[in-house]
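S.K.: Structure file target_26.cif (mmCIF, C-alpha atoms) right here:
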```
data_final
loop_
_atom_site.label_atom_id
_atom_site.label_comp_id
_atom_site.auth_asym_id
_atom_site.auth_seq_id
_atom_site.Cartn_x
_atom_site.Cartn_y
_atom_site.Cartn_z
CA MET W 27 75.37 33.61 34.79
CA ARG W 28 75.13 33.60 38.44
CA GLN W 29 74.66 36.80 40.33
CA PHE W 30 76.30 37.41 43.62
CA PHE W 31 74.53 39.54 46.08
CA ARG W 32 76.70 41.75 48.04
CA PRO W 33 75.40 42.55 51.46
CA THR W 34 74.96 46.22 52.03
CA PRO W 35 77.85 47.54 54.07
CA MET W 36 77.08 48.58 57.63
CA GLN W 37 77.06 52.25 58.11
CA SER W 38 80.30 53.46 59.63
CA SER W 39 80.09 55.12 63.04
CA ASN W 40 81.71 58.51 62.82
CA GLY W 41 80.62 59.78 66.25
CA PHE W 42 80.53 58.67 69.85
CA THR W 43 77.74 56.83 71.50
CA THR W 44 75.97 58.19 74.53
CA ILE W 45 77.52 55.51 76.71
CA GLU W 46 81.04 56.41 75.58
CA MET W 47 80.43 60.09 76.28
CA THR W 48 78.96 59.29 79.70
CA VAL W 49 82.00 57.21 80.64
CA VAL W 50 84.40 59.95 79.56
CA VAL W 51 82.49 62.65 81.46
CA PHE W 52 82.39 60.42 84.54
CA ILE W 53 86.18 59.87 84.40
CA ILE W 54 86.78 63.62 84.04
CA MET W 55 84.55 64.29 87.07
CA ILE W 56 86.50 61.77 89.17
CA LEU W 57 89.84 63.31 88.18
CA ALA W 58 88.56 66.82 88.94
CA ALA W 59 87.31 65.70 92.36
CA LEU W 60 90.73 64.23 93.13
CA ALA W 61 92.60 67.35 91.98
CA LEU W 62 90.41 69.97 93.69
CA PRO W 63 91.86 69.67 97.25
CA SER W 64 95.42 69.91 95.94
CA TYR W 65 94.54 72.94 93.84
CA SER W 66 92.90 74.80 96.71
CA GLN W 67 95.86 74.03 98.99
CA TRP W 68 98.22 75.30 96.28
CA ARG W 69 96.22 78.55 95.96
CA GLN W 70 96.38 79.12 99.72
CA ASN W 71 100.15 78.55 99.76
CA VAL W 72 100.51 81.08 96.94
CA ALA W 73 98.60 83.64 99.04
CA TYR W 74 100.87 83.01 102.05
CA ARG W 75 104.01 83.20 99.94
CA ASP W 76 102.88 86.42 98.24
CA THR W 77 102.16 88.04 101.59
CA ALA W 78 105.59 87.01 102.91
CA ARG W 79 107.29 88.41 99.82
CA HIS W 80 105.31 91.63 100.10
CA VAL W 81 106.37 92.08 103.74
CA MET W 82 109.98 91.34 102.77
CA SER W 83 109.78 93.87 99.94
CA GLU W 84 108.46 96.56 102.28
CA LEU W 85 111.24 95.85 104.78
CA ARG W 86 113.90 96.00 102.07
CA GLN W 87 112.48 99.24 100.77
CA ALA W 88 112.57 100.76 104.25
CA ARG W 89 116.18 99.61 104.75
CA SER W 90 117.21 101.02 101.37
CA GLN W 91 115.44 104.29 102.15
CA ALA W 92 117.26 104.51 105.49
CA ILE W 93 120.63 104.10 103.80
CA ALA W 94 119.83 106.43 100.89
CA SER W 95 118.36 109.24 102.96
CA ASP W 96 120.71 108.83 105.94
CA THR W 97 117.72 108.81 108.31
CA THR W 98 116.14 106.22 110.57
CA GLN W 99 113.24 104.40 108.94
CA CYS W 100 110.49 102.80 110.98
CA VAL W 101 108.44 99.80 109.84
CA GLU W 102 105.33 99.22 111.91
CA PHE W 103 103.02 96.20 111.88
CA ASP W 104 99.43 96.56 112.98
CA GLY W 105 98.15 93.06 113.69
CA VAL W 106 94.65 94.23 114.54
CA LYS W 107 93.97 96.07 111.29
CA GLN W 108 96.24 93.68 109.34
CA ARG W 109 98.45 96.34 107.79
CA PHE W 110 102.05 97.49 107.74
CA GLY W 111 103.89 100.59 106.64
CA PHE W 112 107.03 102.65 107.09
CA ASN W 113 108.24 106.23 107.36
CA ASN W 114 111.17 108.21 108.69
CA ASN W 115 109.28 109.80 111.54
CA ASN W 116 109.83 107.17 114.25
CA CYS W 117 106.47 105.53 113.48
CA ILE W 118 104.50 108.70 114.12
CA ALA W 119 101.69 109.31 111.65
CA ILE W 120 102.38 106.61 109.09
CA SER W 121 100.17 107.47 106.16
CA ASN W 122 101.35 104.91 103.62
CA TRP W 123 99.87 101.70 105.04
CA THR W 124 99.78 98.46 103.09
CA THR W 125 96.78 96.33 104.05
CA VAL W 126 96.84 92.55 103.95
CA ASP W 127 93.60 92.12 102.03
CA LEU W 128 93.02 88.40 101.73
CA GLY W 129 89.99 88.06 103.96
CA SER W 130 90.55 85.65 106.81
CA GLN W 131 93.06 83.55 104.86
CA VAL W 132 96.22 85.38 105.88
CA THR W 133 97.16 87.11 109.13
CA ILE W 134 100.39 88.94 109.96
CA SER W 135 101.87 88.82 113.43
CA SER W 136 105.19 90.31 114.44
CA ILE W 137 107.30 89.03 117.32
CA PRO W 138 108.93 90.26 119.53
CA THR W 139 107.96 93.80 118.57
CA SER W 140 105.50 95.40 116.19
CA THR W 141 108.09 98.01 115.14
CA ILE W 142 111.38 97.56 113.30
CA LEU W 143 113.76 100.53 113.11
CA PHE W 144 116.43 100.67 110.43
CA ALA W 145 119.34 102.95 111.28
CA PRO W 146 120.96 105.11 108.56
CA THR W 147 123.65 102.43 108.23
CA GLY W 148 121.03 99.78 107.39
CA ILE W 149 121.30 97.85 110.63
CA VAL W 150 118.37 97.21 112.94
CA SER W 151 118.21 99.30 116.10
CA SER W 152 116.89 96.47 118.31
CA ALA W 153 119.28 94.04 119.98
CA GLN W 154 117.41 90.96 118.82
CA THR W 155 116.10 89.39 115.64
CA SER W 156 112.61 90.52 114.67
CA THR W 157 110.23 88.07 113.07
CA VAL W 158 106.99 88.64 111.17
CA PHE W 159 104.80 85.54 110.92
CA ILE W 160 102.34 84.85 108.14
CA LEU W 161 99.52 82.87 109.74
CA ASP W 162 96.63 80.93 108.26
CA ALA W 163 93.00 81.30 109.35
CA SER W 164 93.45 78.90 112.28
CA GLY W 165 96.56 80.71 113.57
CA ASN W 166 99.17 78.23 112.33
CA LYS W 167 102.46 79.70 111.14
CA ARG W 168 102.87 79.25 107.39
CA PHE W 169 105.79 81.57 106.50
CA TYR W 170 107.95 83.99 108.41
CA VAL W 171 110.11 86.96 107.55
CA GLN W 172 113.14 87.51 109.78
CA VAL W 173 115.19 90.65 110.18
CA ASN W 174 118.44 90.15 112.08
CA GLN W 175 120.56 92.82 113.75
CA THR W 176 122.67 93.41 110.64
CA GLY W 177 119.56 94.26 108.60
CA ARG W 178 119.53 91.04 106.63
CA ILE W 179 115.99 90.05 105.66
CA LEU W 180 115.08 86.39 105.11
CA VAL W 181 111.85 84.63 104.15
CA GLN W 182 111.40 81.09 105.43
CA GLY W 183 108.62 78.65 104.68
CA PRO W 184 106.37 76.98 104.00
CA LEU W 185 106.09 75.77 107.58
CA ARG W 186 104.03 72.73 108.49
#
```
Would you write out, as C-alpha coordinates, the structure that this file holds?
M.R.:
Amino acid sequence: MRQFFRPTPMQSSNGFTTIEMTVVVFIIMILAALALPSYSQWRQNVAYRDTARHVMSELRQARSQAIASDTTQCVEFDGVKQRFGFNNNNCIAISNWTTVDLGSQVTISSIPTSTILFAPTGIVSSAQTSTVFILDASGNKRFYVQVNQTGRILVQGPLR
(Lines of atoms letter the chains of each structure in order from A and count residues from 1; the text may use other names and numbers.)
(Lines give C-alpha, C1' and ligand atoms only; values in the text may rest on other atoms or scores of the structure.)
Protein backbone atom coordinates (compact mmCIF):
# COMPACT_ATOMS: atom_id res chain seq x y z
CA MET A 1 0.00 0.00 0.00
CA ARG A 2 1.23 3.32 -0.94
CA GLN A 3 1.39 6.09 1.58
CA PHE A 4 0.62 9.61 0.69
CA PHE A 5 2.40 12.31 2.51
CA ARG A 6 0.37 15.26 3.26
CA PRO A 7 2.32 18.46 3.46
CA THR A 8 1.96 20.18 6.76
CA PRO A 9 -0.49 23.03 6.45
CA MET A 10 0.94 26.53 6.65
CA GLN A 11 0.17 28.24 9.84
CA SER A 12 -2.72 30.64 9.45
CA SER A 13 -2.00 34.32 10.08
CA ASN A 14 -4.41 35.57 12.67
CA GLY A 15 -2.78 38.98 13.23
CA PHE A 16 -1.43 41.89 11.26
CA THR A 17 2.08 42.28 10.05
CA THR A 18 4.21 45.23 11.01
CA ILE A 19 4.04 46.58 7.48
CA GLU A 20 0.24 46.48 7.46
CA MET A 21 0.07 48.29 10.79
CA THR A 22 2.58 50.90 9.60
CA VAL A 23 0.54 51.59 6.46
CA VAL A 24 -2.68 51.98 8.46
CA VAL A 25 -1.05 54.31 11.00
CA PHE A 26 0.45 56.36 8.16
CA ILE A 27 -2.97 56.72 6.46
CA ILE A 28 -4.57 57.80 9.76
CA MET A 29 -1.84 60.42 10.25
CA ILE A 30 -2.44 61.83 6.75
CA LEU A 31 -6.20 62.05 7.33
CA ALA A 32 -5.68 63.73 10.71
CA ALA A 33 -3.30 66.28 9.16
CA LEU A 34 -5.89 67.08 6.50
CA ALA A 35 -8.72 67.44 9.04
CA LEU A 36 -6.88 69.54 11.64
CA PRO A 37 -7.17 72.97 9.91
CA SER A 38 -10.89 72.48 9.33
CA TYR A 39 -11.42 71.44 12.93
CA SER A 40 -9.57 74.43 14.36
CA GLN A 41 -11.50 76.80 12.07
CA TRP A 42 -14.75 75.17 13.19
CA ARG A 43 -13.80 75.64 16.87
CA GLN A 44 -13.06 79.33 16.30
CA ASN A 45 -16.40 79.84 14.54
CA VAL A 46 -18.14 78.19 17.49
CA ALA A 47 -16.44 80.67 19.84
CA TYR A 48 -17.55 83.63 17.70
CA ARG A 49 -21.10 82.31 17.43
CA ASP A 50 -21.33 81.66 21.18
CA THR A 51 -20.15 85.18 21.96
CA ALA A 52 -22.71 86.65 19.54
CA ARG A 53 -25.48 84.60 21.11
CA HIS A 54 -24.38 85.61 24.58
CA VAL A 55 -24.47 89.31 23.63
CA MET A 56 -27.90 88.81 22.05
CA SER A 57 -29.13 87.04 25.20
CA GLU A 58 -27.94 89.90 27.41
CA LEU A 59 -29.65 92.45 25.17
CA ARG A 60 -32.91 90.48 25.18
CA GLN A 61 -32.76 90.15 28.94
CA ALA A 62 -32.26 93.91 29.31
CA ARG A 63 -35.19 94.61 26.96
CA SER A 64 -37.43 92.17 28.84
CA GLN A 65 -36.39 93.71 32.15
CA ALA A 66 -37.21 97.19 30.83
CA ILE A 67 -40.71 96.09 29.82
CA ALA A 68 -41.35 94.07 33.00
CA SER A 69 -40.12 96.69 35.45
CA ASP A 70 -41.38 99.72 33.49
CA THR A 71 -37.95 101.35 33.78
CA THR A 72 -35.21 102.26 31.33
CA GLN A 73 -32.51 99.60 31.08
CA CYS A 74 -28.99 100.43 29.97
CA VAL A 75 -26.65 97.98 28.25
CA GLU A 76 -23.05 99.13 28.17
CA PHE A 77 -20.16 97.63 26.19
CA ASP A 78 -16.62 98.13 27.39
CA GLY A 79 -14.35 97.34 24.44
CA VAL A 80 -11.16 97.91 26.41
CA LYS A 81 -11.89 95.43 29.19
CA GLN A 82 -13.94 93.21 26.84
CA ARG A 83 -17.08 93.10 28.94
CA PHE A 84 -20.72 94.10 28.82
CA GLY A 85 -23.51 94.49 31.33
CA PHE A 86 -26.82 96.18 32.04
CA ASN A 87 -28.76 97.89 34.81
CA ASN A 88 -31.61 100.33 35.27
CA ASN A 89 -29.47 103.17 36.54
CA ASN A 90 -28.58 104.84 33.23
CA CYS A 91 -25.26 102.97 33.06
CA ILE A 92 -24.05 104.30 36.39
CA ALA A 93 -22.27 101.73 38.54
CA ILE A 94 -22.94 98.56 36.58
CA SER A 95 -21.91 95.77 38.89
CA ASN A 96 -23.06 92.76 36.90
CA TRP A 97 -20.49 92.69 34.09
CA THR A 98 -20.13 89.75 31.73
CA THR A 99 -16.56 89.36 30.52
CA VAL A 100 -15.69 87.96 27.10
CA ASP A 101 -13.10 85.47 28.31
CA LEU A 102 -11.71 83.80 25.22
CA GLY A 103 -8.20 85.19 25.28
CA SER A 104 -7.34 87.08 22.13
CA GLN A 105 -9.67 85.00 19.95
CA VAL A 106 -12.78 87.15 20.29
CA THR A 107 -13.20 90.90 20.65
CA ILE A 108 -16.42 92.88 21.02
CA SER A 109 -16.81 96.29 19.47
CA SER A 110 -20.00 98.34 19.46
CA ILE A 111 -20.84 100.92 16.82
CA PRO A 112 -22.05 103.68 16.77
CA THR A 113 -22.31 103.85 20.56
CA SER A 114 -21.08 101.77 23.47
CA THR A 115 -24.42 102.17 25.27
CA ILE A 116 -27.87 100.91 24.30
CA LEU A 117 -30.87 102.20 26.26
CA PHE A 118 -34.13 100.25 26.26
CA ALA A 119 -37.17 102.35 27.14
CA PRO A 120 -39.96 100.88 29.31
CA THR A 121 -41.87 100.13 26.11
CA GLY A 122 -39.00 97.97 24.80
CA ILE A 123 -37.89 100.34 22.07
CA VAL A 124 -34.37 101.71 21.80
CA SER A 125 -33.87 105.32 22.87
CA SER A 126 -31.34 106.13 20.13
CA ALA A 127 -32.48 107.25 16.69
CA GLN A 128 -30.29 104.79 14.84
CA THR A 129 -29.56 101.08 14.73
CA SER A 130 -26.87 99.95 17.16
CA THR A 131 -24.49 97.20 16.17
CA VAL A 132 -22.14 95.07 18.26
CA PHE A 133 -19.41 93.37 16.24
CA ILE A 134 -17.71 90.14 17.19
CA LEU A 135 -14.15 90.42 15.88
CA ASP A 136 -11.39 87.87 15.48
CA ALA A 137 -7.82 88.35 16.70
CA SER A 138 -6.83 90.29 13.57
CA GLY A 139 -9.82 92.66 13.83
CA ASN A 140 -11.95 91.12 11.08
CA LYS A 141 -15.71 91.14 11.67
CA ARG A 142 -17.00 87.60 12.17
CA PHE A 143 -20.54 88.11 13.56
CA TYR A 144 -22.63 91.09 14.51
CA VAL A 145 -25.61 91.72 16.73
CA GLN A 146 -27.95 94.50 15.62
CA VAL A 147 -30.54 96.33 17.68
CA ASN A 148 -32.90 98.49 15.64
CA GLN A 149 -35.08 101.33 16.90
CA THR A 150 -38.04 99.05 17.60
CA GLY A 151 -35.93 96.91 19.96
CA ARG A 152 -35.64 93.97 17.60
CA ILE A 153 -32.36 92.10 18.12
CA LEU A 154 -30.75 90.16 15.27
CA VAL A 155 -27.58 88.09 15.00
CA GLN A 156 -25.93 87.96 11.59
CA GLY A 157 -22.93 85.92 10.50
CA PRO A 158 -20.62 84.32 9.91
CA LEU A 159 -19.07 87.14 7.91
CA ARG A 160 -16.15 86.56 5.60
S.K.: Of the residues W:Arg86, W:Gln91, W:Ala163, W:Ser151, which is the one nearest to W:Val181, using only C-alpha atoms?
M.R.: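 Comparing W:Arg86, W:Gln91, W:Ala163, W:Ser151 against W:Val181, the winner is W:Arg86.
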S.K.: Which distance in Å separates atom CA of W:Val101 and atom CA of W:Gln175, to one decimal?
M.R.: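 One can read the atom CA of W:Val101 to atom CA of W:Gln175 distance as 14.5 Å.
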S.K.: Choose the residue, out of W:Val49, W:Asn114, W:Tyr65, W:Val150, that has the smallest atom-to-atom separation from W:Ser95; count all atoms listed in the file.
M.R.: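 Among the listed residues, the smallest separation from W:Ser95 belongs to W:Asn114.
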S.K.: Suppose you want the space between atom CA of W:Gln108 and atom CA of W:Ala145; what is it in Å?
M.R.: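 Atom CA of W:Ala145 lies 25.0 Å from atom CA of W:Gln108.
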S.K.: For the structure provided, state which residues fall under the PyMOL selection byres ((chain W and resi 154) around 8), and present them as a list in words.
M.R.: Ser152, Ala153, Thr155, Ser156, Asn174 and Gln175 of chain W
S.K.: For the atom pair atom CA of W:Leu60 and atom CA of W:Met47, what is the interatomic distance in Å to one decimal place?
M.R.: 20.2 Å
S.K.: Which residues match the PyMOL selection byres ((chain W and resi 93) around 8) in the file above, as a list in words?
M.R.: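 Residues picked by the PyMOL selection byres ((chain W and resi 93) around 8): Arg89, Ser90, Gln91, Ala92, Ala94, Ser95, Asp96, Thr97, Ala145, Pro146, Thr147 and Gly148 of chain W.
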S.K.: With distances taken over only C-alpha atoms, which residue among W:Thr44, W:Asn166, W:Ser140, W:Thr124 lies nearest W:Val81?
M.R.: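 Comparing W:Thr44, W:Asn166, W:Ser140, W:Thr124 against W:Val81, the winner is W:Thr124.
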S.K.: Quick one: 6 Å padding each side, axis-aligned, all listed atoms of stretch 100-113 of chain W - centre and edge lengths in Å to one decimal, as JSON?
M.R.:
```
{"center_x": 102.2, "center_y": 99.6, "center_z": 110.6, "size_x": 28.5, "size_y": 25.2, "size_z": 19.9}
```
